[in-house]
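*Asks:* For reference, this is entry_18.cif, and it has mmCIF, C-alpha atoms.
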data_entry
#
loop_
_atom_site.label_atom_id
_atom_site.label_comp_id
_atom_site.auth_asym_id
_atom_site.auth_seq_id
_atom_site.Cartn_x
_atom_site.Cartn_y
_atom_site.Cartn_z
CA MET A 1 -23.87 -4.15 -9.02
CA GLY A 2 -25.99 -1.44 -10.65
CA ARG A 3 -24.65 1.35 -8.47
CA SER A 4 -21.22 -0.18 -8.11
CA PRO A 5 -19.45 1.71 -10.92
CA ALA A 6 -20.78 5.02 -9.62
CA PHE A 7 -19.57 4.33 -6.10
CA LEU A 8 -16.24 3.07 -7.34
CA ILE A 9 -15.70 6.17 -9.46
CA SER A 10 -16.66 8.36 -6.49
CA PHE A 11 -14.10 6.63 -4.28
CA ILE A 12 -11.34 6.96 -6.84
CA ALA A 13 -12.25 10.59 -7.48
CA LEU A 14 -12.16 11.27 -3.74
CA ALA A 15 -8.80 9.59 -3.39
CA LEU A 16 -7.34 11.42 -6.36
CA GLY A 17 -8.88 14.68 -5.25
CA ALA A 18 -7.04 14.37 -2.00
CA THR A 19 -3.67 14.14 -3.74
CA PRO A 20 -1.53 17.25 -3.58
CA VAL A 21 -2.04 19.58 -6.48
CA LEU A 22 1.09 20.57 -8.31
CA GLN A 23 1.79 24.21 -7.90
CA GLY A 24 2.47 26.01 -11.15
CA ALA A 25 3.37 29.51 -12.27
CA GLU A 26 6.69 29.80 -10.50
CA THR A 27 9.59 31.84 -11.74
CA VAL A 28 13.04 30.49 -12.37
CA TRP A 29 15.86 32.95 -12.40
CA SER A 30 18.90 31.85 -14.37
CA GLY A 31 22.04 33.93 -14.49
CA LEU A 32 25.54 33.99 -15.89
CA VAL A 33 27.75 35.38 -13.15
CA ILE A 34 31.38 36.40 -13.18
CA ALA A 35 33.02 35.93 -9.81
CA GLU A 36 36.19 37.91 -9.16
CA ASN A 37 38.41 39.17 -6.41
CA VAL A 38 38.66 42.94 -6.53
CA ALA A 39 39.84 45.62 -4.17
CA GLN A 40 36.48 47.34 -3.96
CA PRO A 41 33.75 44.78 -4.59
CA GLN A 42 30.35 45.84 -5.90
CA PRO A 43 27.29 44.87 -3.88
CA ILE A 44 25.96 41.45 -4.70
CA PRO A 45 22.94 41.36 -7.06
CA PRO A 46 19.64 40.85 -5.19
CA GLU A 47 19.01 37.49 -6.88
CA LEU A 48 22.14 36.12 -5.24
CA THR A 49 21.69 37.61 -1.79
CA ARG A 50 20.32 34.43 -0.23
CA ILE A 51 23.34 32.39 -1.33
CA GLU A 52 25.96 35.10 -0.91
CA GLY A 53 27.61 33.35 2.02
CA SER A 54 27.87 30.05 0.23
CA LEU A 55 29.22 31.64 -2.95
CA LYS A 56 31.95 33.52 -1.12
CA LYS A 57 32.89 30.59 1.07
CA PHE A 58 32.79 27.97 -1.64
CA PHE A 59 34.42 29.84 -4.54
CA GLY A 60 36.60 32.29 -2.63
CA TYR A 61 35.67 35.44 -4.56
CA ASN A 62 34.41 38.72 -3.15
CA GLN A 63 32.49 40.13 -6.11
CA PHE A 64 29.74 38.57 -8.17
CA GLN A 65 28.45 40.36 -11.25
CA VAL A 66 25.64 39.23 -13.46
CA ILE A 67 26.63 39.34 -17.15
CA GLY A 68 23.50 37.67 -18.47
CA GLN A 69 20.20 36.60 -16.99
CA SER A 70 16.70 35.43 -17.68
CA GLN A 71 13.54 35.16 -15.63
CA LYS A 72 11.04 32.62 -16.81
CA THR A 73 7.64 32.00 -15.32
CA LEU A 74 6.84 28.34 -15.68
CA LYS A 75 3.22 27.41 -16.26
CA THR A 76 3.40 23.94 -17.71
CA GLY A 77 6.89 22.96 -16.64
CA GLN A 78 7.73 22.27 -20.28
CA GLU A 79 9.09 25.68 -21.30
CA ASP A 80 12.58 26.48 -22.51
CA TRP A 81 14.54 29.73 -22.46
CA LEU A 82 17.95 31.28 -22.90
CA ALA A 83 20.12 33.46 -20.69
CA THR A 84 22.86 35.10 -22.68
CA SER A 85 25.85 37.36 -22.37
CA LYS A 86 28.03 38.60 -25.19
CA PHE A 87 29.88 35.31 -25.55
CA PHE A 88 28.02 32.80 -23.45
CA GLY A 89 24.58 31.32 -23.70
CA LEU A 90 22.77 29.16 -21.16
CA HIS A 91 19.92 27.20 -22.68
CA VAL A 92 17.44 25.82 -20.16
CA ASP A 93 14.90 23.23 -21.25
CA ALA A 94 12.30 22.37 -18.62
CA ARG A 95 11.15 18.76 -19.01
CA GLY A 96 8.50 18.45 -16.38
CA GLU A 97 7.46 19.49 -12.93
CA THR A 98 7.36 17.41 -9.76
CA GLU A 99 6.20 18.36 -6.30
CA ALA A 100 9.78 19.09 -5.34
CA GLY A 101 10.77 21.11 -8.38
CA TYR A 102 11.56 20.99 -12.08
CA VAL A 103 13.49 18.60 -14.26
CA LEU A 104 15.81 20.73 -16.37
CA ASN A 105 18.29 20.15 -19.15
CA LEU A 106 21.01 22.82 -19.14
CA LYS A 107 23.47 23.58 -21.92
CA LEU A 108 26.26 26.12 -21.66
CA TYR A 109 27.49 27.47 -24.94
CA LYS A 110 30.52 29.59 -25.66
CA GLU A 111 29.26 31.32 -28.76
CA LYS A 112 28.10 28.23 -30.72
CA GLU A 113 30.33 25.74 -28.97
CA LEU A 114 28.76 23.46 -26.37
CA LEU A 115 30.95 23.46 -23.28
CA LEU A 116 28.83 21.67 -20.75
CA GLU A 117 25.52 19.84 -20.53
CA THR A 118 23.74 18.60 -17.46
CA ASP A 119 20.35 17.23 -16.42
CA THR A 120 19.16 18.32 -13.05
CA LYS A 121 16.17 18.22 -10.76
CA LEU A 122 15.98 21.81 -9.59
CA SER A 123 14.36 22.03 -6.18
CA LYS A 124 12.10 24.95 -5.38
CA ARG A 125 13.99 25.48 -2.17
CA SER A 126 17.52 24.74 -3.30
CA PRO A 127 19.48 26.91 -5.77
CA LEU A 128 21.91 25.37 -8.24
CA VAL A 129 25.37 26.78 -8.93
CA ILE A 130 27.56 25.48 -11.74
CA LYS A 131 31.23 26.33 -11.94
CA GLY A 132 32.05 27.24 -15.50
CA PRO A 133 35.36 28.02 -17.17
CA GLN A 134 38.00 30.39 -15.90
CA VAL A 135 37.52 33.80 -17.52
CA GLY A 136 40.51 36.11 -17.12
CA GLY A 137 41.20 36.40 -13.40
CA GLY A 138 37.67 35.34 -12.49
CA GLN A 139 35.29 32.49 -12.85
CA LEU A 140 32.10 32.04 -14.78
CA LEU A 141 29.28 30.70 -12.62
CA LEU A 142 25.83 29.65 -13.70
CA VAL A 143 23.15 30.12 -11.10
CA LEU A 144 19.54 28.88 -11.14
CA VAL A 145 17.06 29.80 -8.45
CA VAL A 146 13.32 29.14 -8.16
CA GLN A 147 11.88 32.42 -6.89
CA MET B 1 -35.71 -86.86 39.70
CA LYS B 2 -37.48 -83.45 39.79
CA THR B 3 -37.29 -81.34 42.91
CA PHE B 4 -40.39 -79.79 44.49
CA GLU B 5 -39.60 -76.39 42.96
CA GLU B 6 -39.38 -77.87 39.48
CA LYS B 7 -42.64 -79.71 39.95
CA TRP B 8 -44.26 -76.49 41.33
CA THR B 9 -43.15 -74.50 38.26
CA SER B 10 -44.45 -77.20 35.93
CA TRP B 11 -47.79 -77.29 37.88
CA VAL B 12 -48.17 -73.51 37.70
CA ASP B 13 -47.47 -73.63 33.94
CA GLY B 14 -50.03 -76.47 33.60
CA GLN B 15 -47.45 -78.91 32.35
CA LEU B 16 -48.21 -81.73 34.81
CA SER B 17 -50.76 -84.37 33.91
CA GLY B 18 -52.05 -87.79 34.85
CA ARG B 19 -50.57 -89.56 37.77
CA GLU B 20 -47.81 -87.01 38.22
CA LEU B 21 -50.42 -84.21 38.55
CA SER B 22 -52.55 -86.07 41.08
CA LYS B 23 -49.51 -87.14 43.10
CA PHE B 24 -48.20 -83.52 43.21
CA GLU B 25 -51.60 -82.06 44.16
CA ALA B 26 -51.90 -84.66 46.90
CA SER B 27 -48.54 -83.57 48.29
CA LEU B 28 -49.64 -79.94 48.61
CA PRO B 29 -50.36 -79.02 52.28
CA ASP B 30 -52.95 -76.33 51.33
CA LYS B 31 -54.33 -76.87 47.88
CA ALA B 32 -56.62 -73.81 47.96
CA ALA B 33 -53.69 -71.49 48.76
CA ALA B 34 -51.64 -73.17 46.05
CA GLU B 35 -54.47 -72.71 43.52
CA ALA B 36 -54.68 -69.01 44.45
CA GLU B 37 -50.96 -68.65 44.01
CA LYS B 38 -51.15 -70.42 40.65
CA ALA B 39 -53.89 -68.04 39.49
CA GLY B 40 -51.81 -65.04 40.61
CA ALA B 41 -48.76 -66.34 38.79
CA ARG B 42 -50.76 -66.80 35.60
CA LYS B 43 -52.17 -63.29 35.85
CA LEU B 44 -48.65 -61.95 36.30
CA GLY B 45 -47.47 -63.95 33.29
CA GLU B 46 -50.26 -62.62 31.13
CA LEU B 47 -49.57 -59.06 32.28
CA LEU B 48 -45.87 -59.37 31.51
CA LYS B 49 -46.62 -60.85 28.09
CA ARG B 50 -48.98 -58.00 27.30
CA GLU B 51 -46.60 -55.31 28.50
CA LEU B 52 -43.63 -56.81 26.70
CA SER B 53 -45.53 -56.95 23.40
CA ALA B 54 -46.62 -53.26 23.92
CA GLY B 55 -42.94 -52.36 24.48
CA THR B 56 -42.00 -54.01 21.22
CA LEU B 57 -44.59 -51.96 19.41
CA THR B 58 -43.31 -48.74 20.96
CA ASN B 59 -39.79 -49.62 19.84
CA GLU B 60 -40.96 -50.22 16.26
CA GLU B 61 -42.73 -46.93 16.24
CA PHE B 62 -39.62 -45.25 17.58
CA PHE B 63 -37.45 -46.73 14.85
CA SER B 64 -39.94 -45.94 12.14
CA HIS B 65 -40.08 -42.36 13.45
CA GLN B 66 -36.30 -42.18 13.32
CA LEU B 67 -36.31 -43.53 9.77
CA ARG B 68 -38.93 -41.01 8.66
CA GLU B 69 -36.89 -38.17 10.11
CA GLU B 70 -33.71 -39.41 8.41
CA ILE B 71 -35.51 -39.68 5.06
CA ALA B 72 -36.95 -36.21 5.49
CA ARG B 73 -33.50 -34.87 6.36
CA LEU B 74 -31.98 -36.52 3.29
CA ARG B 75 -34.70 -35.09 1.07
CA GLU B 76 -34.20 -31.66 2.54
CA ALA B 77 -30.37 -31.72 2.34
CA PRO B 78 -29.86 -30.39 -1.23
CA GLY B 79 -32.19 -27.48 -0.57
CA ARG B 80 -30.50 -26.67 2.70
CA GLN B 81 -27.05 -26.84 1.11
CA ALA B 82 -28.22 -24.47 -1.61
CA ARG B 83 -29.62 -22.12 1.03
CA GLU B 84 -26.34 -22.31 2.95
CA ALA B 85 -24.42 -21.52 -0.24
CA ARG B 86 -26.69 -18.57 -0.92
CA SER B 87 -26.43 -17.25 2.58
CA THR B 88 -22.59 -16.98 2.54
CA TRP B 89 -21.68 -13.34 3.24
CA TRP B 90 -18.55 -13.33 1.02
CA THR B 91 -20.24 -13.20 -2.33
CA ILE B 92 -18.17 -12.06 -5.32
CA PRO B 93 -19.76 -8.58 -5.52
CA ARG B 94 -19.20 -8.08 -1.83
CA LEU B 95 -15.61 -9.24 -2.17
CA LEU B 96 -15.10 -6.75 -5.01
CA TRP B 97 -16.69 -4.01 -2.98
CA THR B 98 -14.60 -4.77 0.05
CA GLY B 99 -11.47 -4.74 -2.10
CA ALA B 100 -12.35 -1.41 -3.70
CA LEU B 101 -13.24 0.11 -0.35
CA SER B 102 -10.00 -1.08 1.24
CA LEU B 103 -8.02 0.35 -1.68
CA ALA B 104 -9.77 3.70 -1.41
CA VAL B 105 -9.19 3.88 2.36
CA PHE B 106 -5.55 2.95 1.83
CA LEU B 107 -5.13 5.68 -0.79
CA VAL B 108 -6.76 8.32 1.37
CA PHE B 109 -4.61 7.44 4.37
CA THR B 110 -1.46 7.29 2.25
CA VAL B 111 -2.17 10.75 0.86
CA LEU B 112 -2.90 12.13 4.32
CA VAL B 113 0.30 10.67 5.75
CA MET B 114 2.33 11.97 2.82
CA ARG B 115 0.80 15.42 3.19
CA GLU B 116 1.76 15.51 6.83
CA LYS B 117 5.26 14.32 6.14
CA ASN B 118 6.02 16.61 3.20
CA PRO B 119 6.61 19.89 5.04
CA ALA B 120 9.31 18.29 7.11
CA GLU B 121 10.84 16.48 4.18
CA GLU B 122 10.75 19.41 1.80
CA SER B 123 13.20 21.32 3.92
CA GLN B 124 15.69 18.60 3.17
CA TYR B 125 15.05 18.58 -0.56
CA LEU B 126 18.15 19.60 -2.43
CA THR B 127 18.62 20.12 -6.12
CA GLN B 128 19.93 16.95 -7.67
CA ILE B 129 22.36 16.66 -10.54
CA LEU B 130 21.17 13.72 -12.60
CA ASN B 131 24.13 13.72 -14.98
CA ALA B 132 26.74 16.08 -16.42
CA ARG B 133 28.80 15.96 -19.60
CA VAL B 134 31.70 18.08 -20.77
CA ASP B 135 32.64 18.13 -24.43
CA PRO B 136 35.73 15.87 -24.53
CA VAL B 137 37.01 17.52 -27.71
CA VAL B 138 36.97 21.07 -26.33
CA SER B 139 38.04 20.09 -22.78
CA PRO B 140 39.62 16.63 -22.85
CA ASN B 141 40.85 16.72 -19.24
CA ALA B 142 37.73 18.17 -17.68
CA THR B 143 36.08 16.49 -14.71
CA VAL B 144 32.86 17.16 -12.86
CA SER B 145 32.00 16.79 -9.19
CA ILE B 146 28.87 17.49 -7.17
CA PHE B 147 28.73 19.22 -3.80
CA GLU B 148 25.86 20.09 -1.56
CA VAL B 149 26.00 22.95 0.89
CA LYS B 150 23.30 21.84 3.27
CA GLN B 151 23.46 24.98 5.37
CA ASP B 152 22.12 27.13 2.52
CA ARG B 153 20.62 24.18 0.62
CA VAL B 154 22.80 24.96 -2.40
CA THR B 155 23.89 22.30 -4.87
CA VAL B 156 27.12 22.93 -6.73
CA LEU B 157 28.25 21.28 -9.93
CA TRP B 158 32.00 21.74 -9.85
CA THR B 159 33.94 21.46 -13.07
CA GLU B 160 37.72 21.25 -13.32
CA GLY B 161 39.87 21.44 -16.40
CA LEU B 162 37.58 23.46 -18.63
CA GLN B 163 39.42 25.54 -21.21
CA SER B 164 40.37 28.91 -19.71
CA LEU B 165 39.22 31.99 -21.56
CA PRO B 166 40.52 35.54 -21.79
CA ALA B 167 38.98 38.33 -19.72
CA ASP B 168 37.11 39.63 -22.76
CA TYR B 169 34.64 36.81 -22.33
CA ALA B 170 33.37 38.41 -19.14
CA ALA B 171 31.61 41.07 -21.19
CA LYS B 172 27.90 41.57 -20.75
#
Just give me the structure as structure tokens.
*Replies:*
Amino acid sequence: MGRSPAFLISFIALALGATPVLQGAETVWSGLVIAENVAQPQPIPPELTRIEGSLKKFFGYNQFQVIGQSQKTLKTGQEDWLATSKFFGLHVDARGETEAGYVLNLKLYKEKELLLETDTKLSKRSPLVIKGPQVGGGQLLLVLVVQ
Amino acid sequence: MKTFEEKWTSWVDGQLSGRELSKFEASLPDKAAAEAEKAGARKLGELLKRELSAGTLTNEEFFSHQLREEIARLREAPGRQAREARSTWWTIPRLLWTGALSLAVFLVFTVLVMREKNPAEESQYLTQILNARVDPVVSPNATVSIFEVKQDRVTVLWTEGLQSLPADYAAK
């Protein structure tokens, strides 16, 4: 059994080496969006272009304006950041990366008041939209997209 | 009363004597031929006796040979059993090696299969909402629901009953 440990270690290293490597350094865009129905809608922000159809169909508004946003490049999958507007704050706490995406804890604040908290597994291929409170004649939406 | 055949057998074996012997020899039609036959019979008897005793010896030798072989086999048995035990292919190190090798092959194949499957499966990956909470003090009647728009792969967390806010809150 003299050479056994060496061979065993080689086999395990080979097997582990063949496992998929987690891809890092991806950017998560998080935005606070006000959706409204107006007579002359502004063009949709480029970050929302890919889900424009779904937003319009699902929420029934024709204009989407970003009131606060943040772009965070994730290296370890353990970062946290804040997207803010004048009155709202979205705190995002990344709690790990999987092959499919990131585990995130999201907290929506109105000033210092916590309105909503959720834990989510954000897929790299699937944006997340959260319907927030009614604001005037529109609706606050929180959008997270892995870019 | 003895028959002729019985008397003949006794004469050939030399068991007749005295008056009985002389009376029997007198009754023989050709004494010289009878004497020749008697001599032949005796020779045959001696030959058979000799051969039979040789056969007995051969048998003894055969049995003693068998015995010697059996003893030798018994003496050799522990050594042979030990050799048989040593020559078993499934020794513990080999068993361990085979186990480790099988595990490694299994892992490699599992990884390969998963790698091939992932591209197809990833397209179906949707963001998952693990849980959602609304502050019950601020919005006591609020509810949350989850929707998935598979066409655009969008996941929606839908809240109802959150406190409505004035338009000022839409400020950047």
*Asks:* Mind running chain B against chain A at 6 Å and telling me each contacting residue's nearest atom pair with the distance in Å (one decimal), counting all atoms listed in the file, chain and number ascending, as a Markdown table?
*Replies:*
| residue | atom | partner | partner_atom | distance |
| --- | --- | --- | --- | --- |
| B:Ala104 | CA | A:Phe11 | CA | 6.0 |
| B:Leu107 | CA | A:Ala15 | CA | 6.0 |
| B:Val108 | CA | A:Ala15 | CA | 5.3 |
| B:Val111 | CA | A:Thr19 | CA | 5.9 |
| B:Leu126 | CA | A:Ser126 | CA | 5.3 |
| B:Thr127 | CA | A:Ser123 | CA | 4.7 |
| B:Gln128 | CA | A:Lys121 | CA | 5.0 |
| B:Ile129 | CA | A:Thr120 | CA | 4.4 |
| B:Leu130 | CA | A:Thr120 | CA | 5.0 |
| B:Asn131 | CA | A:Asp119 | CA | 5.4 |
| B:Ala132 | CA | A:Thr118 | CA | 4.1 |
| B:Arg133 | CA | A:Glu117 | CA | 5.2 |
| B:Val134 | CA | A:Leu116 | CA | 4.6 |
| B:Asp135 | CA | A:Leu115 | CA | 5.7 |
| B:Arg153 | CA | A:Ser126 | CA | 5.0 |
| B:Val154 | CA | A:Pro127 | CA | 5.1 |
| B:Thr155 | CA | A:Leu128 | CA | 5.0 |
| B:Val156 | CA | A:Val129 | CA | 4.8 |
| B:Leu157 | CA | A:Ile130 | CA | 4.6 |
| B:Trp158 | CA | A:Lys131 | CA | 5.1 |
| B:Thr159 | CA | A:Lys131 | CA | 5.7 |
| B:Leu162 | CA | A:Pro133 | CA | 5.3 |
| B:Ser164 | CA | A:Gln134 | CA | 4.7 |
| B:Leu165 | CA | A:Val135 | CA | 4.7 |
| B:Pro166 | CA | A:Gly136 | CA | 4.7 |
| B:Ala167 | CA | A:Gly136 | CA | 3.7 |
| B:Tyr169 | CA | A:Phe87 | CA | 5.9 |
| B:Ala171 | CA | A:Lys86 | CA | 5.9 |
| B:Lys172 | CA | A:Ile67 | CA | 4.4 |
*Asks:* What would the list of residues within 7 Å of (18.9, 34.5, -14.8) (file frame) look like as a ChimeraX atom specification, if only C-alpha atoms are what count?
*Replies:* /A:29-32,68-71,83,144
*Asks:* Go ahead and compute the interatomic distance for CA of Arg68 (chain B) and CA of Glu51 (chain B), in Å to one decimal.
*Replies:* 25.6 Å
*Asks:* Calculate how many Å separate CA of Gln151 (chain B) from CA of Thr73 (chain A), rounding to one decimal.
*Replies:* 27.0 Å
